[in-house]
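Everything on this sheet refers to the single structure shown next.
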Amino acid sequence: MTVGFATGTDTQEAVRTAGNTDLDQPWVVVVWNDPVNLMSYVSYVFQNYFGYSEAKARSLMLEVHEEGRSAVASGTREKVEQDTVALHSYGLWATFEKAGSE
Amino acid sequence: MAKPFKSTRRGITGALEPGEARLLGALLDDVVSMLEPETAPSEDPLAALVGMSDADAAATAPDDSAVHRLLPDAVRGDDDEALAFRRLTERSLREQKIGALRGSALLIESNPMTLNHDQARLLAQALNDVRLVLADRLSIESEEDAERLHEIADSKDVENVESYLALVYNFITWLQESLVQALLKASKLQR
């Protein structure tokens, strides 16, 4: 991801929260890092589409940025398929997979 | 120079210079034409009813790397599975994106713009797709590539087609960043 240079963002101060995803669910949606999508935009999508809090959205965004990938949601196969296509409509690089396959 | 987007009581406001609006309008149209399906809906009435074409059943991953980035594989490491999923979902994703791009082309015709949340979200999605295509043409593959291009911020820096594209990319990045900041501020106020 990239940082927009128009306005300052203080993403460095974010605190990582534990237990972002419920891995009891059988399938997960994975978002991959890419050098184009803005950090602010990825956070916005996580808040707006999944309804996550600002803190949770930011911590997942940072995980994508720093680890290269993050499982951002989980559920039935039908749900994660739907989430993946929705994230594609926002231009995020998302895939779905069985939980624990990484 | 365009004014950054702002969250106000009336909605999210912004203003582009006429030349900037023309340029952005042309880019939005370009991305629409890249995404338009090449084939008509199926002649099979039932398939046509659900928006399937004979070509959907035979769809393959896009050859153009920019189109592939707009319509990425939903499954990693399993081409058959990715292709089967693409055949079921790609047409509606193309249509969704085309709708956002066309809607945004209309929105930027107003000057200044006053957008509600849905309109602003649509424009942010469309700007993101334009940036993905420009980034592909500029071969931005790493964060270092993106950093390098950030330095081209003024028309004085333009020396060739690549630096012109980089200038356009940086402008649209700036515009999207200000729009997203306004959206984040507006959603915070709502809570």
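Convention: chains lettered A, B, ... in structure tokens order; per-chain residue numbering from 1; ligands numbered from 1 as shown.
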Any idea which chain B residues end up within 8 Å of chain A if we count only C-alpha atoms, as an NGL selection string please?
:B and (69-76 or 89 or 93 or 96-97 or 125 or 128-129 or 131-132 or 135 or 140-143 or 146 or 173-174 or 177-178 or 180-181 or 183-184)
Store the residues of this selection in a file with N, CA, C and O atoms, as a compact mmCIF listing (two decimals), in the first residue's frame.
# COMPACT_ATOMS: atom_id res chain seq x y z
N ARG B 69 -5.73 -6.85 -13.03
CA ARG B 69 -5.68 -6.27 -11.69
C ARG B 69 -7.06 -5.75 -11.27
O ARG B 69 -7.41 -5.79 -10.10
N LEU B 70 -7.86 -5.25 -12.25
CA LEU B 70 -9.21 -4.78 -11.92
C LEU B 70 -10.14 -5.95 -11.62
O LEU B 70 -11.09 -5.82 -10.85
N LEU B 71 -9.88 -7.09 -12.29
CA LEU B 71 -10.72 -8.28 -12.13
C LEU B 71 -9.81 -9.44 -11.70
O LEU B 71 -9.54 -10.35 -12.47
N PRO B 72 -9.32 -9.40 -10.45
CA PRO B 72 -8.29 -10.37 -10.07
C PRO B 72 -8.86 -11.77 -9.82
O PRO B 72 -10.06 -11.95 -9.67
N ASP B 73 -7.96 -12.76 -9.80
CA ASP B 73 -8.36 -14.12 -9.43
C ASP B 73 -8.80 -14.11 -7.97
O ASP B 73 -8.14 -13.51 -7.12
N ALA B 74 -9.91 -14.81 -7.69
CA ALA B 74 -10.43 -14.83 -6.32
C ALA B 74 -9.84 -15.98 -5.51
O ALA B 74 -10.04 -16.06 -4.30
N VAL B 75 -9.13 -16.88 -6.22
CA VAL B 75 -8.53 -18.04 -5.54
C VAL B 75 -7.06 -18.06 -5.95
O VAL B 75 -6.74 -17.86 -7.12
N ARG B 76 -6.19 -18.26 -4.97
CA ARG B 76 -4.76 -18.30 -5.26
C ARG B 76 -4.29 -19.72 -5.36
O ARG B 76 -4.72 -20.58 -4.60
N THR B 89 -18.81 -14.91 -11.79
CA THR B 89 -18.90 -13.59 -11.16
C THR B 89 -18.36 -12.43 -11.98
O THR B 89 -18.64 -11.28 -11.67
N LEU B 93 -19.19 -8.16 -11.87
CA LEU B 93 -18.15 -7.27 -11.34
C LEU B 93 -17.80 -6.19 -12.38
O LEU B 93 -17.68 -5.01 -12.05
N GLN B 96 -20.62 -3.71 -12.37
CA GLN B 96 -20.59 -2.88 -11.16
C GLN B 96 -19.55 -1.76 -11.32
O GLN B 96 -19.81 -0.60 -11.03
N LYS B 97 -18.36 -2.15 -11.79
CA LYS B 97 -17.28 -1.17 -11.95
C LYS B 97 -17.63 -0.13 -13.02
O LYS B 97 -17.39 1.06 -12.83
N GLN B 125 -14.11 4.74 -5.37
CA GLN B 125 -13.90 3.45 -6.04
C GLN B 125 -13.40 3.66 -7.47
O GLN B 125 -12.48 2.99 -7.93
N ASN B 128 -9.90 4.85 -7.62
CA ASN B 128 -9.00 3.74 -7.33
C ASN B 128 -8.75 2.89 -8.57
O ASN B 128 -7.62 2.49 -8.86
N ASP B 129 -9.81 2.62 -9.33
CA ASP B 129 -9.64 1.83 -10.55
C ASP B 129 -8.77 2.55 -11.57
O ASP B 129 -7.93 1.93 -12.23
N ARG B 131 -6.40 4.64 -10.86
CA ARG B 131 -5.03 4.55 -10.35
C ARG B 131 -4.43 3.17 -10.58
O ARG B 131 -3.25 3.04 -10.88
N LEU B 132 -5.26 2.12 -10.44
CA LEU B 132 -4.74 0.77 -10.67
C LEU B 132 -4.28 0.61 -12.12
O LEU B 132 -3.23 0.01 -12.39
N ALA B 135 -1.11 2.72 -12.67
CA ALA B 135 0.01 2.08 -11.99
C ALA B 135 0.53 0.90 -12.80
O ALA B 135 1.75 0.66 -12.88
N ILE B 140 4.29 0.09 -11.71
CA ILE B 140 4.51 0.24 -10.26
C ILE B 140 4.28 -1.13 -9.62
O ILE B 140 3.15 -1.59 -9.51
N GLU B 141 5.38 -1.78 -9.26
CA GLU B 141 5.26 -3.13 -8.71
C GLU B 141 5.70 -3.21 -7.26
O GLU B 141 5.47 -4.21 -6.60
N SER B 142 6.36 -2.17 -6.80
CA SER B 142 6.81 -2.20 -5.40
C SER B 142 6.58 -0.82 -4.80
O SER B 142 6.32 0.14 -5.52
N GLU B 143 6.71 -0.75 -3.47
CA GLU B 143 6.51 0.53 -2.80
C GLU B 143 7.63 1.50 -3.19
O GLU B 143 7.41 2.71 -3.23
N ALA B 146 6.64 3.22 -6.37
CA ALA B 146 5.65 4.26 -6.09
C ALA B 146 6.32 5.49 -5.49
O ALA B 146 6.03 6.62 -5.89
N THR B 173 -3.91 10.38 -7.19
CA THR B 173 -3.64 9.86 -5.85
C THR B 173 -3.96 10.95 -4.81
O THR B 173 -4.64 10.68 -3.80
N TRP B 174 -3.52 12.15 -5.07
CA TRP B 174 -3.79 13.28 -4.17
C TRP B 174 -5.29 13.49 -4.01
O TRP B 174 -5.82 13.66 -2.91
N GLU B 177 -6.85 10.63 -2.03
CA GLU B 177 -6.50 10.73 -0.62
C GLU B 177 -7.37 11.80 0.07
O GLU B 177 -7.90 11.57 1.16
N SER B 178 -7.57 12.94 -0.59
CA SER B 178 -8.36 13.98 0.07
C SER B 178 -9.82 13.55 0.17
O SER B 178 -10.49 13.82 1.16
N VAL B 180 -10.90 10.39 0.46
CA VAL B 180 -11.01 9.36 1.51
C VAL B 180 -10.93 10.00 2.90
O VAL B 180 -11.67 9.61 3.81
N GLN B 181 -10.04 11.00 3.06
CA GLN B 181 -9.97 11.68 4.35
C GLN B 181 -11.31 12.33 4.69
O GLN B 181 -11.77 12.28 5.83
N LEU B 183 -14.24 11.35 3.56
CA LEU B 183 -15.19 10.25 3.85
C LEU B 183 -14.99 9.73 5.27
O LEU B 183 -15.95 9.46 5.99
N LEU B 184 -13.72 9.56 5.68
CA LEU B 184 -13.44 9.04 7.02
C LEU B 184 -13.93 10.03 8.08
O LEU B 184 -14.49 9.63 9.09
Got a sec to tell me which of region 6-166 of chain B DSSP assigns to alpha helix (DSSP H), as a ChimeraX atom specification?
/B:18-35,45-49,54-57,65-70,79-107,117-137,143-150,161-166
Just the selected residues (C-alpha atoms), exported as a JSON list (two decimals), in the first residue's frame, please.
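Final output, saved to selection-v7.json:
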[["chain", "number", "residue", "atom", "x", "y", "z"],
["B", 18, "PRO", "CA", -12.00, 22.46, -16.10],
["B", 19, "GLY", "CA", -8.84, 20.92, -17.59],
["B", 20, "GLU", "CA", -8.55, 18.49, -14.66],
["B", 21, "ALA", "CA", -12.21, 17.49, -15.03],
["B", 22, "ARG", "CA", -11.72, 16.84, -18.78],
["B", 23, "LEU", "CA", -8.61, 14.75, -18.13],
["B", 24, "LEU", "CA", -10.28, 12.72, -15.38],
["B", 25, "GLY", "CA", -13.41, 12.26, -17.53],
["B", 26, "ALA", "CA", -11.28, 10.87, -20.36],
["B", 27, "LEU", "CA", -9.50, 8.48, -17.98],
["B", 28, "LEU", "CA", -12.82, 7.25, -16.53],
["B", 29, "ASP", "CA", -14.03, 6.58, -20.11],
["B", 30, "ASP", "CA", -10.82, 4.73, -20.93],
["B", 31, "VAL", "CA", -11.26, 2.39, -17.98],
["B", 32, "VAL", "CA", -14.92, 1.81, -18.96],
["B", 33, "SER", "CA", -13.86, 0.76, -22.45],
["B", 34, "MET", "CA", -11.26, -1.62, -21.00],
["B", 35, "LEU", "CA", -13.96, -3.26, -18.87],
["B", 45, "PRO", "CA", -33.14, -16.83, -23.20],
["B", 46, "LEU", "CA", -32.60, -18.36, -19.77],
["B", 47, "ALA", "CA", -28.88, -17.58, -19.79],
["B", 48, "ALA", "CA", -29.61, -14.06, -21.09],
["B", 49, "LEU", "CA", -32.10, -13.56, -18.25],
["B", 54, "ASP", "CA", -21.83, -17.90, -24.12],
["B", 55, "ALA", "CA", -18.52, -16.15, -23.59],
["B", 56, "ASP", "CA", -18.93, -16.20, -19.79],
["B", 57, "ALA", "CA", -18.89, -19.96, -19.86],
["B", 65, "SER", "CA", -2.37, -7.04, -16.88],
["B", 66, "ALA", "CA", -4.30, -3.88, -15.95],
["B", 67, "VAL", "CA", -7.65, -5.57, -16.60],
["B", 68, "HIS", "CA", -6.41, -8.57, -14.64],
["B", 69, "ARG", "CA", -5.68, -6.27, -11.69],
["B", 70, "LEU", "CA", -9.21, -4.78, -11.92],
["B", 79, "ASP", "CA", -6.19, -21.87, -11.65],
["B", 80, "ASP", "CA", -9.15, -24.16, -12.32],
["B", 81, "GLU", "CA", -10.99, -23.03, -9.23],
["B", 82, "ALA", "CA", -10.16, -19.37, -9.97],
["B", 83, "LEU", "CA", -11.46, -19.74, -13.53],
["B", 84, "ALA", "CA", -14.67, -21.47, -12.46],
["B", 85, "PHE", "CA", -15.34, -18.63, -10.01],
["B", 86, "ARG", "CA", -14.48, -16.00, -12.63],
["B", 87, "ARG", "CA", -17.05, -17.50, -15.02],
["B", 88, "LEU", "CA", -19.78, -17.07, -12.42],
["B", 89, "THR", "CA", -18.90, -13.59, -11.16],
["B", 90, "GLU", "CA", -16.83, -11.64, -13.67],
["B", 91, "ARG", "CA", -19.63, -10.15, -15.73],
["B", 92, "SER", "CA", -21.43, -8.63, -12.75],
["B", 93, "LEU", "CA", -18.15, -7.27, -11.34],
["B", 94, "ARG", "CA", -17.41, -5.63, -14.72],
["B", 95, "GLU", "CA", -20.90, -4.12, -14.74],
["B", 96, "GLN", "CA", -20.59, -2.88, -11.16],
["B", 97, "LYS", "CA", -17.28, -1.17, -11.95],
["B", 98, "ILE", "CA", -18.58, 0.34, -15.20],
["B", 99, "GLY", "CA", -21.56, 1.74, -13.25],
["B", 100, "ALA", "CA", -19.25, 3.40, -10.71],
["B", 101, "LEU", "CA", -16.99, 4.82, -13.44],
["B", 102, "ARG", "CA", -19.88, 6.20, -15.51],
["B", 103, "GLY", "CA", -21.61, 7.60, -12.40],
["B", 104, "SER", "CA", -18.36, 9.30, -11.39],
["B", 105, "ALA", "CA", -17.93, 10.82, -14.87],
["B", 106, "LEU", "CA", -21.31, 12.51, -14.34],
["B", 107, "LEU", "CA", -20.47, 13.64, -10.79],
["B", 117, "HIS", "CA", -21.75, 9.54, 1.18],
["B", 118, "ASP", "CA", -22.78, 7.04, -1.54],
["B", 119, "GLN", "CA", -21.69, 9.36, -4.34],
["B", 120, "ALA", "CA", -18.37, 10.04, -2.62],
["B", 121, "ARG", "CA", -17.79, 6.31, -2.11],
["B", 122, "LEU", "CA", -18.56, 5.66, -5.78],
["B", 123, "LEU", "CA", -16.07, 8.32, -6.83],
["B", 124, "ALA", "CA", -13.40, 6.91, -4.48],
["B", 125, "GLN", "CA", -13.90, 3.45, -6.04],
["B", 126, "ALA", "CA", -13.66, 4.87, -9.57],
["B", 127, "LEU", "CA", -10.52, 6.90, -8.76],
["B", 128, "ASN", "CA", -9.00, 3.74, -7.33],
["B", 129, "ASP", "CA", -9.64, 1.83, -10.55],
["B", 130, "VAL", "CA", -8.11, 4.65, -12.61],
["B", 131, "ARG", "CA", -5.03, 4.55, -10.35],
["B", 132, "LEU", "CA", -4.74, 0.77, -10.67],
["B", 133, "VAL", "CA", -4.69, 1.08, -14.47],
["B", 134, "LEU", "CA", -2.17, 3.97, -14.48],
["B", 135, "ALA", "CA", 0.01, 2.08, -11.99],
["B", 136, "ASP", "CA", 0.04, -0.93, -14.29],
["B", 137, "ARG", "CA", 1.06, 1.24, -17.26],
["B", 143, "GLU", "CA", 6.51, 0.53, -2.80],
["B", 144, "GLU", "CA", 9.92, 1.82, -3.96],
["B", 145, "ASP", "CA", 8.54, 2.26, -7.52],
["B", 146, "ALA", "CA", 5.65, 4.26, -6.09],
["B", 147, "GLU", "CA", 8.00, 6.37, -3.93],
["B", 148, "ARG", "CA", 10.19, 7.19, -6.91],
["B", 149, "LEU", "CA", 7.22, 8.53, -8.88],
["B", 150, "HIS", "CA", 6.03, 10.69, -5.99],
["B", 161, "VAL", "CA", 5.18, 10.13, -21.69],
["B", 162, "GLU", "CA", 6.16, 8.20, -18.59],
["B", 163, "SER", "CA", 6.72, 11.29, -16.47],
["B", 164, "TYR", "CA", 3.46, 12.78, -17.76],
["B", 165, "LEU", "CA", 1.60, 9.61, -16.71],
["B", 166, "ALA", "CA", 3.36, 9.79, -13.35]]
Can you check which residues of region 11-174 of chain B DSSP gives as strand (DSSP E) on the backbone and send them as a PyMOL selection string?
chain B and resi 11-15+113-115
CA of Lys98 (chain A) to CA of Trp32 (chain A), distance in Å rounded to a single decimal
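Between these atoms lies a distance of 15.8 Å.
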Using only C-alpha atoms, which protein or nucleic acid residues come within 8 Å of Arg77 (chain A)? Drop anything in the same chain fewer than 3 positions from it, and give the result as a VMD selection string.
chain A and resid 26 to 27 80 to 81
Length of the CA of Ser110 (chain B) to CA of Lys188 (chain B) vector [Å]:
26.1 Å
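Across the model, the gap from CA of Leu16 (chain B) to CA of Met1 (chain B) is 7.1 Å.
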Could you check the closest approach to Ala59 (chain B) for each of B:Tyr169, B:Asn116, B:Pro37, B:Leu138 and tell me which residue wins, using only C-alpha atoms?
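Between B:Tyr169, B:Asn116, B:Pro37, B:Leu138, the residue approaching Ala59 (chain B) most closely is B:Pro37.
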